[in-house]
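These notes are about the structure you will find just below.
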Amino acid sequence: MLTAKQKELLLYIHERIKESGVSPSFDEMKEALDLASKSGIHRLITALEERGFLRRLPHRARALEVLKLPDSMTPAAPPKGRSTFRPSVVGEGRNGGGGIPILGQIAAGVPIEALQTEIGRIQPPEDLLGSGEHFALEVKGDSMIGAGILDGDVVLIKRTDTAESGDIVVALVDNEEATLKRLRKRGNSIALEAANPAYETRIFGPDRVRVQGKLVAMIRRYS
């Protein structure tokens with residue numbers, strides 16, 4: 001069982017990685033949790049590592065990976081000073097008005113080019129999107145549950161054909177299969193990592209994987 005501070009830190013790190021793709025600095029974590037020193041953050045991170053919730057990635061600064069979230073944190077209240085991103089579906093089909101289109105489901109075996117039928121639209125905060133074109137997909141399956149992305153969630157994607165190692169992306173494999181996975185660059189190969197130990201990491205040559213977009217945010221649909 002995690003303490004209140006351990007849960008608060010874990011959720012803060014999780015939300016920051018979802019928003020920016022980079023884990024927060026120790027100073028940012030100290031400020032968010034209102035702690036007097038960074039030594040307290042070090043102790044919390046070590047405890048979360050020992051319990052299997054966090055992993056430090058070697059040879060990278062500010063490199064933390066959230067491996068899982070406690071059930072009690074889905075949904076959960078955000079740390080002090082932060083708000084939960086929960087835009088609503090604002091329309092059905094192509095007559096839904098403004099916002100970002102939800103272009104169907106992201107599931108293994110479905111080409112991204114085929115996901116062009118709007119099933120609704122969402123209206124996220126403008127300051128979250130930034131520049132560029134965005135679209136949304138409904139997640140099908142449990143391969144990313146360790147990253148807090150569950151079956152039925154909606155992911156907000158920025159269209160791009162480039163990504164950094166460690167980004168969660170929509171990847172098109174062999175121009176046939178679209179999947180939502182964490183991308184890792186391994187020399188001349190590309191690894192697509194699930195966030196669920198039940199799924200194996202898949203490794204491809206760079207000419208077989210095409211990035212279609214990068215995860216910006218996740219939306220939980222509450223029943």
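Residues are named by chain letter and number: chains run A, B, ... in the order of the structure tokens, numbers start at 1 in each chain, and ligands are numbered from 1 in the order shown.
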- Write out as a PyMOL selection string each polymer residue whose atoms come within 8 Å of range 183-196 of chain A, counting only C-alpha atoms; drop sequence neighbours fewer than 6 positions from it. chain A and resi 67+142-147+163-169+202-206+209
Could you save those same residues with N, CA and C atoms as a PDB file, in the first residue's frame?
ATOM      1  N   LEU A  67       5.357   2.570 -14.348  1.00  0.00           N
ATOM      2  CA  LEU A  67       5.079   1.195 -14.760  1.00  0.00           C
ATOM      3  C   LEU A  67       3.640   0.782 -14.509  1.00  0.00           C
ATOM      4  N   ASP A 142      -5.777  -3.636 -23.743  1.00  0.00           N
ATOM      5  CA  ASP A 142      -5.168  -3.326 -22.452  1.00  0.00           C
ATOM      6  C   ASP A 142      -3.642  -3.301 -22.511  1.00  0.00           C
ATOM      7  N   SER A 143      -3.064  -3.126 -23.693  1.00  0.00           N
ATOM      8  CA  SER A 143      -1.606  -3.214 -23.804  1.00  0.00           C
ATOM      9  C   SER A 143      -0.878  -2.024 -23.188  1.00  0.00           C
ATOM     10  N   MET A 144      -1.603  -0.926 -22.866  1.00  0.00           N
ATOM     11  CA  MET A 144      -0.943   0.258 -22.308  1.00  0.00           C
ATOM     12  C   MET A 144      -1.452   0.599 -20.915  1.00  0.00           C
ATOM     13  N   ILE A 145      -1.955  -0.394 -20.202  1.00  0.00           N
ATOM     14  CA  ILE A 145      -2.528  -0.107 -18.884  1.00  0.00           C
ATOM     15  C   ILE A 145      -1.474   0.374 -17.897  1.00  0.00           C
ATOM     16  N   GLY A 146      -0.215  -0.066 -18.068  1.00  0.00           N
ATOM     17  CA  GLY A 146       0.833   0.387 -17.172  1.00  0.00           C
ATOM     18  C   GLY A 146       1.150   1.860 -17.315  1.00  0.00           C
ATOM     19  N   ALA A 147       0.749   2.455 -18.433  1.00  0.00           N
ATOM     20  CA  ALA A 147       0.906   3.895 -18.648  1.00  0.00           C
ATOM     21  C   ALA A 147      -0.374   4.633 -18.299  1.00  0.00           C
ATOM     22  N   ALA A 163       9.357  11.337 -33.727  1.00  0.00           N
ATOM     23  CA  ALA A 163       9.167  11.136 -32.293  1.00  0.00           C
ATOM     24  C   ALA A 163      10.516  10.858 -31.651  1.00  0.00           C
ATOM     25  N   GLU A 164      10.623  11.191 -30.374  1.00  0.00           N
ATOM     26  CA  GLU A 164      11.815  10.885 -29.597  1.00  0.00           C
ATOM     27  C   GLU A 164      11.668   9.510 -28.948  1.00  0.00           C
ATOM     28  N   SER A 165      12.801   8.891 -28.667  1.00  0.00           N
ATOM     29  CA  SER A 165      12.765   7.620 -27.958  1.00  0.00           C
ATOM     30  C   SER A 165      12.098   7.819 -26.601  1.00  0.00           C
ATOM     31  N   GLY A 166      11.115   6.995 -26.291  1.00  0.00           N
ATOM     32  CA  GLY A 166      10.362   7.107 -25.053  1.00  0.00           C
ATOM     33  C   GLY A 166       8.987   7.720 -25.233  1.00  0.00           C
ATOM     34  N   ASP A 167       8.702   8.332 -26.390  1.00  0.00           N
ATOM     35  CA  ASP A 167       7.381   8.900 -26.651  1.00  0.00           C
ATOM     36  C   ASP A 167       6.361   7.788 -26.873  1.00  0.00           C
ATOM     37  N   ILE A 168       5.123   8.033 -26.465  1.00  0.00           N
ATOM     38  CA  ILE A 168       4.013   7.149 -26.817  1.00  0.00           C
ATOM     39  C   ILE A 168       3.426   7.656 -28.126  1.00  0.00           C
ATOM     40  N   VAL A 169       3.377   6.768 -29.121  1.00  0.00           N
ATOM     41  CA  VAL A 169       3.017   7.197 -30.474  1.00  0.00           C
ATOM     42  C   VAL A 169       1.962   6.280 -31.073  1.00  0.00           C
ATOM     43  N   ARG A 202       7.993  -5.486 -29.477  1.00  0.00           N
ATOM     44  CA  ARG A 202       8.169  -5.856 -30.882  1.00  0.00           C
ATOM     45  C   ARG A 202       9.239  -4.964 -31.494  1.00  0.00           C
ATOM     46  N   ILE A 203      10.175  -5.552 -32.221  1.00  0.00           N
ATOM     47  CA  ILE A 203      11.307  -4.829 -32.788  1.00  0.00           C
ATOM     48  C   ILE A 203      11.262  -4.940 -34.312  1.00  0.00           C
ATOM     49  N   PHE A 204      11.438  -3.788 -34.970  1.00  0.00           N
ATOM     50  CA  PHE A 204      11.333  -3.721 -36.425  1.00  0.00           C
ATOM     51  C   PHE A 204      12.499  -2.916 -36.989  1.00  0.00           C
ATOM     52  N   GLY A 205      12.769  -3.127 -38.272  1.00  0.00           N
ATOM     53  CA  GLY A 205      13.670  -2.247 -38.989  1.00  0.00           C
ATOM     54  C   GLY A 205      13.009  -0.889 -39.171  1.00  0.00           C
ATOM     55  N   PRO A 206      13.790   0.191 -39.265  1.00  0.00           N
ATOM     56  CA  PRO A 206      13.219   1.536 -39.335  1.00  0.00           C
ATOM     57  C   PRO A 206      12.317   1.752 -40.544  1.00  0.00           C
ATOM     58  N   VAL A 209       8.391   0.908 -39.813  1.00  0.00           N
ATOM     59  CA  VAL A 209       7.576   1.650 -38.848  1.00  0.00           C
ATOM     60  C   VAL A 209       7.476   3.107 -39.278  1.00  0.00           C
TER      61      VAL A 209
END
- Task: Give me the residues within 9 Å of Gln6 in chain A as a list of chain:residue names, counting only C-alpha atoms and dropping any in the same chain fewer than 4 places off.
- Result: A:Leu2, A:Leu10, A:Leu11, A:Leu44, A:Ile45, A:Ala47, A:Leu48
Just write the chosen residues, all heavy atoms, as a CSV table (one decimal), in the first residue's frame.
chain,number,residue,atom,x,y,z
A,2,LEU,N,0.5,2.2,-0.8
A,2,LEU,CA,1.3,3.5,-0.9
A,2,LEU,C,0.8,4.5,0.1
A,2,LEU,O,-0.4,4.5,0.4
A,2,LEU,CB,1.2,4.0,-2.3
A,2,LEU,CG,1.7,3.2,-3.5
A,2,LEU,CD1,1.6,3.9,-4.8
A,2,LEU,CD2,3.2,2.7,-3.2
A,10,LEU,N,3.4,9.9,-7.6
A,10,LEU,CA,3.3,9.0,-8.7
A,10,LEU,C,2.3,9.6,-9.7
A,10,LEU,O,2.6,9.6,-10.9
A,10,LEU,CB,2.8,7.7,-8.2
A,10,LEU,CG,2.6,6.6,-9.3
A,10,LEU,CD1,4.0,6.3,-10.0
A,10,LEU,CD2,2.0,5.3,-8.7
A,11,LEU,N,1.2,10.1,-9.3
A,11,LEU,CA,0.2,10.7,-10.2
A,11,LEU,C,0.7,12.0,-10.8
A,11,LEU,O,0.5,12.2,-12.0
A,11,LEU,CB,-1.1,11.0,-9.4
A,11,LEU,CG,-2.2,11.6,-10.3
A,11,LEU,CD1,-2.6,10.7,-11.5
A,11,LEU,CD2,-3.5,11.9,-9.5
A,44,LEU,N,10.9,9.2,-1.8
A,44,LEU,CA,9.6,8.8,-2.3
A,44,LEU,C,9.8,8.0,-3.6
A,44,LEU,O,9.2,7.0,-3.8
A,44,LEU,CB,8.7,10.0,-2.6
A,44,LEU,CG,8.1,10.7,-1.4
A,44,LEU,CD1,7.5,12.0,-1.8
A,44,LEU,CD2,7.2,9.9,-0.6
A,45,ILE,N,10.7,8.5,-4.5
A,45,ILE,CA,11.0,7.8,-5.7
A,45,ILE,C,11.6,6.4,-5.5
A,45,ILE,O,11.2,5.4,-6.1
A,45,ILE,CB,11.9,8.6,-6.6
A,45,ILE,CG1,11.1,9.8,-7.2
A,45,ILE,CG2,12.5,7.8,-7.8
A,45,ILE,CD1,12.0,10.7,-8.0
A,47,ALA,N,11.1,4.5,-2.9
A,47,ALA,CA,10.0,3.7,-2.4
A,47,ALA,C,9.1,3.2,-3.5
A,47,ALA,O,8.7,2.1,-3.5
A,47,ALA,CB,9.2,4.4,-1.3
A,48,LEU,N,8.8,4.1,-4.5
A,48,LEU,CA,8.0,3.7,-5.6
A,48,LEU,C,8.7,2.7,-6.5
A,48,LEU,O,8.0,1.8,-7.1
A,48,LEU,CB,7.6,5.0,-6.4
A,48,LEU,CG,6.6,5.9,-5.7
A,48,LEU,CD1,6.5,7.3,-6.4
A,48,LEU,CD2,5.2,5.3,-5.6
- Message: Considering only C-alpha atoms, can you say which of A:Val22, A:Val211, A:Leu54, A:Ala32 comes closest to Asp174 in chain A?
- Response: A:Val211
- Query: For Gly141 in chain A, which residue out of A:Arg51, A:Lys181, A:Arg56, A:Lys68 is the nearest one, using only C-alpha atoms?
  - Reply: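 Selected residue with least distance to Gly141 in chain A: A:Lys181.
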- Item | Interatomic distance (Å, one decimal) between CA of Leu215 in chain A and CA of Ile157 in chain A |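 Answer for the CA of Leu215 in chain A to CA of Ile157 in chain A separation: 4.7 Å.
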- Between CA of Glu8 in chain A and CA of Val139 in chain A, what is the distance, to one decimal in Å?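 Calculated distance between CA of Glu8 in chain A and CA of Val139 in chain A is 25.7 Å.
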- In Å, with one decimal, what is the gap from CA of Ile17 in chain A to CA of Arg159 in chain A?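 About the pair CA of Ile17 in chain A and CA of Arg159 in chain A: they are 18.2 Å apart.
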